[in-house]
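Trainee: Here it is, the structure, as structure tokens.
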Amino acid sequence: MRFGTFSYNQARPRVPEKQAFEELLEQILLTERLGFDEAWFAEHHHSDYGMLASPNLMIAALARQTERLRFGNLVSVLPLYDPMRFAEECGMLDILTNGRLNVGLGRGVPKDDMKHRLDRETAQARFEEGIEILMRSWTGETFSYAGKAWGYDEISCRPLPLQKPHPPIYYGATSPDSPAMVARNGWNLALSRQPLANCAKAIASYREERAKHSNLLGSGDAIMVRDIYVAETDEQAWREAAPQI
């Protein structure tokens, strides 16, 4: 079992944004010294709920100050990125972290689609085509692509990631059908703050589907985001943490 952190960098009353980012960087550096294995970041836009509009910048800032932590985003909102630019950015980050990058992918939330004037069909096409383009780009080949959302002529990804064939892919699953789809694609499963019974059911479905295929990439990793609060007693923890959770 591995342990990591999951950071939003939420806005706090009377705390300057600069201070919030400095404190978050210090916290992540501390987790490596304490023996944590991973640091994950949440991408959110246009809201004080999470100020990590470009979490890959956090990974870049931490890359040369750490030696062991693996980094990733849950999730990188693929419809908002040019997939080739994103592929190359991940290539750079994998090099800067010396092969410690995980790539979490997701479609994002509908309210951001609307703010960017993306209808559901366009956002879904951007997501599906984006994943296809990422996989092709990380082979290193030169290719052309013509889709509904994206198109390229004789393009290639430079630099390429250190990890081969590419950094581990994690998919943020929410619907009951997602775990089997994630397994068939050879990706790793990421589950958010769902009841433990739901998580156990999703992981079982994921591993059952993976067992049907012998040629899948990756390790079949399943990770969960859980809220943890430490206090002197359980009663104190519930009293202090429950309103925030």
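Ligands are numbered from 1 in the order shown, residues from 1 within each chain, and chains are lettered A, B, ... in the order they appear in the structure tokens.
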Excluding region 94-100 of chain A and its own-chain neighbours fewer than 5 positions away, which residues fall within 7 Å of it when counting only C-alpha atoms? Please give them as a ChimeraX atom specification.
Mentor: /A:63-64,70-71,161-163
Trainee: Any chance you could tabulate, as JSON lines, the residues of region 25-55 of chain A at most 7 Å from region 2-18 of chain A with each one's nearest atom pair and distance in Å to one decimal, using only C-alpha atoms, in chain and rising number order?
Mentor:
{"residue": "A:Phe36", "atom": "CA", "partner": "A:Gly4", "partner_atom": "CA", "distance": 5.5}
{"residue": "A:Asp37", "atom": "CA", "partner": "A:Gly4", "partner_atom": "CA", "distance": 5.4}
{"residue": "A:Glu38", "atom": "CA", "partner": "A:Gly4", "partner_atom": "CA", "distance": 4.3}
{"residue": "A:Ala39", "atom": "CA", "partner": "A:Thr5", "partner_atom": "CA", "distance": 4.9}
{"residue": "A:Trp40", "atom": "CA", "partner": "A:Phe6", "partner_atom": "CA", "distance": 4.7}
{"residue": "A:Phe41", "atom": "CA", "partner": "A:Ser7", "partner_atom": "CA", "distance": 4.9}
{"residue": "A:Ala42", "atom": "CA", "partner": "A:Tyr8", "partner_atom": "CA", "distance": 5.3}
{"residue": "A:Asp48", "atom": "CA", "partner": "A:Ala11", "partner_atom": "CA", "distance": 5.0}
{"residue": "A:Tyr49", "atom": "CA", "partner": "A:Gln10", "partner_atom": "CA", "distance": 5.1}
{"residue": "A:Gly50", "atom": "CA", "partner": "A:Gln10", "partner_atom": "CA", "distance": 4.5}
{"residue": "A:Met51", "atom": "CA", "partner": "A:Asn9", "partner_atom": "CA", "distance": 5.6}
{"residue": "A:Leu52", "atom": "CA", "partner": "A:Tyr8", "partner_atom": "CA", "distance": 6.4}
Trainee: In region 7-196 of chain A, what's strand (DSSP E) per DSSP? Answer as a short mmCIF file (atom, residue, chain, number, x, y, z; two decimals) with N, CA and C atoms, in the first residue's frame?
Mentor:
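File produced: states.cif:
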data_model
loop_
_atom_site.label_atom_id
_atom_site.label_comp_id
_atom_site.auth_asym_id
_atom_site.auth_seq_id
_atom_site.Cartn_x
_atom_site.Cartn_y
_atom_site.Cartn_z
N SER A 7 -4.15 17.55 -3.21
CA SER A 7 -4.23 18.97 -2.87
C SER A 7 -5.11 19.75 -3.84
N GLU A 38 3.50 9.71 -2.88
CA GLU A 38 2.96 10.41 -4.05
C GLU A 38 2.36 11.75 -3.64
N ALA A 39 2.27 12.65 -4.60
CA ALA A 39 1.56 13.91 -4.42
C ALA A 39 0.68 14.13 -5.64
N TRP A 40 -0.62 14.28 -5.41
CA TRP A 40 -1.59 14.48 -6.48
C TRP A 40 -2.22 15.86 -6.33
N PHE A 41 -2.62 16.44 -7.45
CA PHE A 41 -3.20 17.77 -7.46
C PHE A 41 -4.51 17.76 -8.24
N ARG A 70 6.37 10.59 -6.43
CA ARG A 70 5.74 10.60 -7.75
C ARG A 70 4.66 11.67 -7.75
N PHE A 71 4.43 12.27 -8.92
CA PHE A 71 3.49 13.37 -9.03
C PHE A 71 2.44 13.08 -10.10
N GLY A 72 1.24 13.61 -9.87
CA GLY A 72 0.20 13.49 -10.89
C GLY A 72 -0.97 14.39 -10.57
N ASN A 73 -1.89 14.50 -11.52
CA ASN A 73 -3.09 15.31 -11.37
C ASN A 73 -4.32 14.42 -11.45
N SER A 76 -6.13 15.91 -15.06
CA SER A 76 -5.91 16.92 -16.08
C SER A 76 -7.15 16.95 -16.98
N VAL A 77 -7.75 18.12 -17.11
CA VAL A 77 -9.04 18.24 -17.82
C VAL A 77 -8.75 18.30 -19.32
N VAL A 103 -0.01 10.40 -15.09
CA VAL A 103 -0.91 11.26 -15.87
C VAL A 103 -2.34 10.87 -15.57
N GLY A 104 -3.03 11.72 -14.83
CA GLY A 104 -4.44 11.51 -14.54
C GLY A 104 -5.29 12.25 -15.56
N LEU A 105 -6.23 11.56 -16.17
CA LEU A 105 -7.04 12.15 -17.23
C LEU A 105 -8.52 12.09 -16.88
N GLY A 106 -9.25 13.11 -17.31
CA GLY A 106 -10.69 13.13 -17.11
C GLY A 106 -11.33 14.15 -18.02
N PHE A 143 2.81 11.75 -37.49
CA PHE A 143 1.49 11.33 -37.97
C PHE A 143 0.64 12.55 -38.27
N SER A 144 -0.41 12.30 -39.03
CA SER A 144 -1.45 13.31 -39.28
C SER A 144 -2.73 12.82 -38.64
N TYR A 145 -3.61 13.76 -38.33
CA TYR A 145 -4.84 13.39 -37.64
C TYR A 145 -5.95 14.34 -38.06
N ALA A 146 -7.12 13.78 -38.34
CA ALA A 146 -8.28 14.59 -38.69
C ALA A 146 -9.48 14.09 -37.91
N GLY A 151 -7.10 18.47 -35.30
CA GLY A 151 -6.50 18.05 -36.56
C GLY A 151 -5.05 18.48 -36.62
N TYR A 152 -4.17 17.62 -37.18
CA TYR A 152 -2.73 17.91 -37.28
C TYR A 152 -2.19 17.36 -38.59
N ASP A 153 -1.18 17.99 -39.09
CA ASP A 153 -0.49 17.52 -40.29
C ASP A 153 0.97 17.23 -39.98
N GLU A 154 1.37 15.99 -40.23
CA GLU A 154 2.78 15.59 -40.10
C GLU A 154 3.41 16.13 -38.82
N ILE A 155 2.86 15.69 -37.70
CA ILE A 155 3.27 16.22 -36.41
C ILE A 155 3.89 15.11 -35.56
N ILE A 169 -1.14 5.94 -16.86
CA ILE A 169 -2.38 6.69 -17.05
C ILE A 169 -3.35 6.32 -15.93
N TYR A 170 -3.92 7.32 -15.28
CA TYR A 170 -4.96 7.13 -14.27
C TYR A 170 -6.22 7.82 -14.76
N TYR A 171 -7.34 7.15 -14.61
CA TYR A 171 -8.61 7.71 -15.04
C TYR A 171 -9.51 7.88 -13.82
N GLY A 172 -10.03 9.09 -13.65
CA GLY A 172 -10.94 9.37 -12.55
C GLY A 172 -12.32 8.83 -12.84
N ALA A 173 -12.69 7.72 -12.21
CA ALA A 173 -13.95 7.04 -12.51
C ALA A 173 -15.04 7.47 -11.55
N ASN A 188 -4.93 2.83 -15.10
CA ASN A 188 -5.10 2.64 -13.67
C ASN A 188 -6.37 3.35 -13.21
N LEU A 189 -6.94 2.86 -12.13
CA LEU A 189 -8.24 3.34 -11.65
C LEU A 189 -8.05 4.32 -10.50
N ALA A 190 -8.71 5.47 -10.59
CA ALA A 190 -8.70 6.46 -9.51
C ALA A 190 -10.13 6.72 -9.07
N LEU A 191 -10.38 6.61 -7.77
CA LEU A 191 -11.71 6.78 -7.21
C LEU A 191 -11.71 7.95 -6.24
#
Trainee: Using only C-alpha atoms, determine which residues lie at most 10 Å from Ile228 (chain A), disregarding the query and same-chain residues fewer than 4 positions distant; provide the list as a PyMOL selection string.
Mentor: chain A and resi 237+241+245
Trainee: Give me, as a PDB file with N, CA, C and O atoms, in the first residue's frame, all polymer residues having an atom no more than 12 Å from Leu217 (chain A), counting only C-alpha atoms and skipping those fewer than 5 positions away in the same chain.
Mentor:
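Result written to out-v2.pdb:
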ATOM      1  N   LYS A 164       8.506   4.374 -20.537  1.00  0.00           N
ATOM      2  CA  LYS A 164       8.074   3.730 -21.767  1.00  0.00           C
ATOM      3  C   LYS A 164       7.018   2.680 -21.484  1.00  0.00           C
ATOM      4  O   LYS A 164       7.137   1.956 -20.497  1.00  0.00           O
ATOM      5  N   PRO A 165       6.010   2.571 -22.332  1.00  0.00           N
ATOM      6  CA  PRO A 165       5.794   3.371 -23.542  1.00  0.00           C
ATOM      7  C   PRO A 165       5.328   4.796 -23.269  1.00  0.00           C
ATOM      8  O   PRO A 165       5.374   5.641 -24.134  1.00  0.00           O
ATOM      9  N   HIS A 166       4.889   5.058 -22.019  1.00  0.00           N
ATOM     10  CA  HIS A 166       4.471   6.406 -21.619  1.00  0.00           C
ATOM     11  C   HIS A 166       4.252   6.385 -20.110  1.00  0.00           C
ATOM     12  O   HIS A 166       4.215   5.311 -19.477  1.00  0.00           O
ATOM     13  N   PRO A 167       4.105   7.522 -19.469  1.00  0.00           N
ATOM     14  CA  PRO A 167       3.814   7.536 -18.028  1.00  0.00           C
ATOM     15  C   PRO A 167       2.508   6.804 -17.731  1.00  0.00           C
ATOM     16  O   PRO A 167       1.613   6.727 -18.577  1.00  0.00           O
ATOM     17  N   PRO A 168       2.380   6.247 -16.527  1.00  0.00           N
ATOM     18  CA  PRO A 168       1.138   5.562 -16.159  1.00  0.00           C
ATOM     19  C   PRO A 168      -0.067   6.483 -16.291  1.00  0.00           C
ATOM     20  O   PRO A 168      -0.017   7.645 -15.891  1.00  0.00           O
ATOM     21  N   ILE A 169      -1.140   5.945 -16.862  1.00  0.00           N
ATOM     22  CA  ILE A 169      -2.377   6.694 -17.046  1.00  0.00           C
ATOM     23  C   ILE A 169      -3.354   6.320 -15.932  1.00  0.00           C
ATOM     24  O   ILE A 169      -3.601   5.137 -15.671  1.00  0.00           O
ATOM     25  N   VAL A 182     -12.019   1.394 -17.929  1.00  0.00           N
ATOM     26  CA  VAL A 182     -10.650   1.740 -17.538  1.00  0.00           C
ATOM     27  C   VAL A 182      -9.743   0.517 -17.664  1.00  0.00           C
ATOM     28  O   VAL A 182      -8.623   0.602 -18.169  1.00  0.00           O
ATOM     29  N   ALA A 183     -10.233  -0.627 -17.202  1.00  0.00           N
ATOM     30  CA  ALA A 183      -9.449  -1.855 -17.269  1.00  0.00           C
ATOM     31  C   ALA A 183      -9.138  -2.249 -18.707  1.00  0.00           C
ATOM     32  O   ALA A 183      -8.000  -2.602 -19.039  1.00  0.00           O
ATOM     33  N   ARG A 184     -10.139  -2.196 -19.578  1.00  0.00           N
ATOM     34  CA  ARG A 184      -9.932  -2.603 -20.975  1.00  0.00           C
ATOM     35  C   ARG A 184      -8.904  -1.727 -21.672  1.00  0.00           C
ATOM     36  O   ARG A 184      -8.206  -2.182 -22.591  1.00  0.00           O
ATOM     37  N   ASN A 185      -8.792  -0.484 -21.265  1.00  0.00           N
ATOM     38  CA  ASN A 185      -7.830   0.423 -21.881  1.00  0.00           C
ATOM     39  C   ASN A 185      -6.427   0.291 -21.297  1.00  0.00           C
ATOM     40  O   ASN A 185      -5.498   0.946 -21.771  1.00  0.00           O
ATOM     41  N   GLY A 186      -6.271  -0.521 -20.266  1.00  0.00           N
ATOM     42  CA  GLY A 186      -4.961  -0.693 -19.660  1.00  0.00           C
ATOM     43  C   GLY A 186      -4.551   0.450 -18.766  1.00  0.00           C
ATOM     44  O   GLY A 186      -3.366   0.621 -18.461  1.00  0.00           O
ATOM     45  N   TRP A 187      -5.540   1.246 -18.310  1.00  0.00           N
ATOM     46  CA  TRP A 187      -5.243   2.378 -17.438  1.00  0.00           C
ATOM     47  C   TRP A 187      -5.374   1.954 -15.979  1.00  0.00           C
ATOM     48  O   TRP A 187      -5.869   0.876 -15.662  1.00  0.00           O
ATOM     49  N   ASN A 188      -4.925   2.830 -15.103  1.00  0.00           N
ATOM     50  CA  ASN A 188      -5.099   2.638 -13.669  1.00  0.00           C
ATOM     51  C   ASN A 188      -6.371   3.353 -13.214  1.00  0.00           C
ATOM     52  O   ASN A 188      -6.788   4.342 -13.811  1.00  0.00           O
ATOM     53  N   ARG A 210      -9.843  -6.683 -15.906  1.00  0.00           N
ATOM     54  CA  ARG A 210      -8.426  -6.789 -16.277  1.00  0.00           C
ATOM     55  C   ARG A 210      -8.001  -8.240 -16.438  1.00  0.00           C
ATOM     56  O   ARG A 210      -7.188  -8.581 -17.304  1.00  0.00           O
TER      57      ARG A 210
END
Trainee: May I have the residues within 10 Å of region 115-118 of chain A as number ranges by chain, using only C-alpha atoms and disregarding those fewer than 3 positions away in the same chain?
Mentor: A: 45-46, 79-80, 110-112, 121-124, 126
Trainee: Export N, CA and C atoms of the chosen residues as a PDB file, in the first residue's frame?
Mentor:
ATOM      1  N   HIS A  45     -10.986  25.413 -12.087  1.00  0.00           N
ATOM      2  CA  HIS A  45     -10.924  26.700 -12.772  1.00  0.00           C
ATOM      3  C   HIS A  45     -11.997  27.654 -12.259  1.00  0.00           C
ATOM      4  N   HIS A  46     -11.644  28.930 -12.244  1.00  0.00           N
ATOM      5  CA  HIS A  46     -12.619  30.014 -12.046  1.00  0.00           C
ATOM      6  C   HIS A  46     -13.342  29.930 -10.706  1.00  0.00           C
ATOM      7  N   PRO A  79     -10.354  18.097 -22.241  1.00  0.00           N
ATOM      8  CA  PRO A  79     -11.025  18.928 -23.247  1.00  0.00           C
ATOM      9  C   PRO A  79     -10.523  20.369 -23.307  1.00  0.00           C
ATOM     10  N   LEU A  80      -9.856  20.835 -22.256  1.00  0.00           N
ATOM     11  CA  LEU A  80      -9.372  22.209 -22.234  1.00  0.00           C
ATOM     12  C   LEU A  80      -7.951  22.342 -22.773  1.00  0.00           C
ATOM     13  N   PRO A 110     -19.207  19.793 -16.133  1.00  0.00           N
ATOM     14  CA  PRO A 110     -20.017  20.510 -17.135  1.00  0.00           C
ATOM     15  C   PRO A 110     -20.008  22.024 -16.972  1.00  0.00           C
ATOM     16  N   LYS A 111     -19.915  22.532 -15.736  1.00  0.00           N
ATOM     17  CA  LYS A 111     -19.968  23.990 -15.571  1.00  0.00           C
ATOM     18  C   LYS A 111     -18.769  24.666 -16.223  1.00  0.00           C
ATOM     19  N   ASP A 112     -17.610  23.981 -16.239  1.00  0.00           N
ATOM     20  CA  ASP A 112     -16.456  24.548 -16.932  1.00  0.00           C
ATOM     21  C   ASP A 112     -16.639  24.476 -18.444  1.00  0.00           C
ATOM     22  N   GLU A 121     -21.331  17.527 -26.505  1.00  0.00           N
ATOM     23  CA  GLU A 121     -20.808  16.709 -27.602  1.00  0.00           C
ATOM     24  C   GLU A 121     -19.385  17.129 -27.970  1.00  0.00           C
ATOM     25  N   THR A 122     -19.152  18.428 -28.020  1.00  0.00           N
ATOM     26  CA  THR A 122     -17.815  18.917 -28.362  1.00  0.00           C
ATOM     27  C   THR A 122     -16.814  18.548 -27.279  1.00  0.00           C
ATOM     28  N   ALA A 123     -17.197  18.717 -26.005  1.00  0.00           N
ATOM     29  CA  ALA A 123     -16.301  18.369 -24.908  1.00  0.00           C
ATOM     30  C   ALA A 123     -15.974  16.888 -24.911  1.00  0.00           C
ATOM     31  N   GLN A 124     -16.976  16.044 -25.195  1.00  0.00           N
ATOM     32  CA  GLN A 124     -16.736  14.604 -25.229  1.00  0.00           C
ATOM     33  C   GLN A 124     -15.813  14.238 -26.381  1.00  0.00           C
ATOM     34  N   ARG A 126     -13.545  16.168 -27.751  1.00  0.00           N
ATOM     35  CA  ARG A 126     -12.201  16.624 -27.376  1.00  0.00           C
ATOM     36  C   ARG A 126     -11.531  15.622 -26.443  1.00  0.00           C
TER      37      ARG A 126
END
Trainee: What is the CA of Ile131 (chain A)-CA of Ser178 (chain A) distance in Å, reported with one decimal?
Mentor: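 CA of Ile131 (chain A) sits 15.4 Å away from CA of Ser178 (chain A).
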Trainee: Quick one: pull the distance between CA of Tyr81 (chain A) and CA of Ile133 (chain A), Å, one decimal.
Mentor: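 For CA of Tyr81 (chain A) relative to CA of Ile133 (chain A), the distance reads 11.7 Å.
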Trainee: To one decimal place in Å, what is the distance between CA of Thr31 (chain A) and CA of Leu57 (chain A)?
Mentor: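 Atom-to-atom, CA of Thr31 (chain A) and CA of Leu57 (chain A) are spaced 18.4 Å apart.
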Trainee: Check the smallest atom-to-atom distance from each of A:Asp227, A:Glu26, A:Glu89, A:Glu43 to Ala60 (chain A) using only C-alpha atoms, then report the winner.
Mentor: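 For Ala60 (chain A), the nearest of the candidates is A:Glu89.
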Trainee: Excluding region 192-209 of chain A and any residue of its chain fewer than 6 positions from it, enumerate the residues within 7 Å of it, using only C-alpha atoms, and give them as a list of chain:residue names.
Mentor: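 With the cut-off at 7 Å, the set is A:Pro179, A:Ala180, A:Ala183, A:Arg184, A:Ala222, A:Met224, A:Val225, A:Arg226.
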Trainee: Can you spit out the residues from that selection as an mmCIF file, in the first residue's frame, using N, CA, C and O atoms?
Mentor:
data_model
loop_
_atom_site.group_PDB
_atom_site.id
_atom_site.type_symbol
_atom_site.label_atom_id
_atom_site.label_comp_id
_atom_site.auth_asym_id
_atom_site.auth_seq_id
_atom_site.Cartn_x
_atom_site.Cartn_y
_atom_site.Cartn_z
ATOM 1 N N PRO A 179 -15.201 1.510 -14.319
ATOM 2 C CA PRO A 179 -14.083 0.622 -13.981
ATOM 3 C C PRO A 179 -13.754 -0.399 -15.064
ATOM 4 O O PRO A 179 -12.574 -0.613 -15.369
ATOM 5 N N ALA A 180 -14.756 -1.005 -15.674
ATOM 6 C CA ALA A 180 -14.489 -1.990 -16.725
ATOM 7 C C ALA A 180 -13.860 -1.329 -17.942
ATOM 8 O O ALA A 180 -12.945 -1.879 -18.562
ATOM 9 N N ALA A 183 -10.233 -0.627 -17.202
ATOM 10 C CA ALA A 183 -9.449 -1.855 -17.269
ATOM 11 C C ALA A 183 -9.138 -2.249 -18.707
ATOM 12 O O ALA A 183 -8.000 -2.602 -19.039
ATOM 13 N N ARG A 184 -10.139 -2.196 -19.578
ATOM 14 C CA ARG A 184 -9.932 -2.603 -20.975
ATOM 15 C C ARG A 184 -8.904 -1.727 -21.672
ATOM 16 O O ARG A 184 -8.206 -2.182 -22.591
ATOM 17 N N ALA A 222 -5.033 0.657 -8.408
ATOM 18 C CA ALA A 222 -6.298 1.274 -8.009
ATOM 19 C C ALA A 222 -6.022 2.159 -6.804
ATOM 20 O O ALA A 222 -5.494 1.694 -5.789
ATOM 21 N N MET A 224 -7.475 5.459 -4.133
ATOM 22 C CA MET A 224 -8.671 6.082 -3.587
ATOM 23 C C MET A 224 -8.296 7.392 -2.907
ATOM 24 O O MET A 224 -7.266 7.484 -2.240
ATOM 25 N N VAL A 225 -9.151 8.384 -3.063
ATOM 26 C CA VAL A 225 -9.021 9.637 -2.322
ATOM 27 C C VAL A 225 -9.920 9.540 -1.091
ATOM 28 O O VAL A 225 -11.122 9.305 -1.210
ATOM 29 N N ARG A 226 -9.328 9.681 0.075
ATOM 30 C CA ARG A 226 -10.090 9.634 1.325
ATOM 31 C C ARG A 226 -9.765 10.865 2.158
ATOM 32 O O ARG A 226 -8.636 11.359 2.145
#
Trainee: With only C-alpha atoms as the counted atoms, please give the residues lying no more than 7 Å from Ala87 (chain A), apart from itself and same-chain residues fewer than 6 positions off, as an mmCIF file with N, CA, C and O atoms, in the first residue's frame.
Mentor:
data_model
loop_
_atom_site.group_PDB
_atom_site.id
_atom_site.type_symbol
_atom_site.label_atom_id
_atom_site.label_comp_id
_atom_site.auth_asym_id
_atom_site.auth_seq_id
_atom_site.Cartn_x
_atom_site.Cartn_y
_atom_site.Cartn_z
ATOM 1 N N LEU A 134 -2.876 11.471 -27.622
ATOM 2 C CA LEU A 134 -1.803 11.258 -26.642
ATOM 3 C C LEU A 134 -1.102 9.934 -26.874
ATOM 4 O O LEU A 134 0.141 9.854 -26.881
ATOM 5 N N SER A 137 0.977 10.122 -29.988
ATOM 6 C CA SER A 137 2.108 11.045 -29.897
ATOM 7 C C SER A 137 3.261 10.435 -29.113
ATOM 8 O O SER A 137 4.435 10.650 -29.451
ATOM 9 N N CYS A 157 5.740 14.370 -31.359
ATOM 10 C CA CYS A 157 5.895 14.850 -29.994
ATOM 11 C C CYS A 157 7.375 14.926 -29.638
ATOM 12 O O CYS A 157 8.095 13.932 -29.720
#
Trainee: Hey, what does DSSP flag as alpha helix (DSSP H) within region 38-222 of chain A? Can you give it to me as an MDAnalysis selection string?
Mentor: chainID A and resid 55:63 83:96 110:115 120:137 178:184 196:210
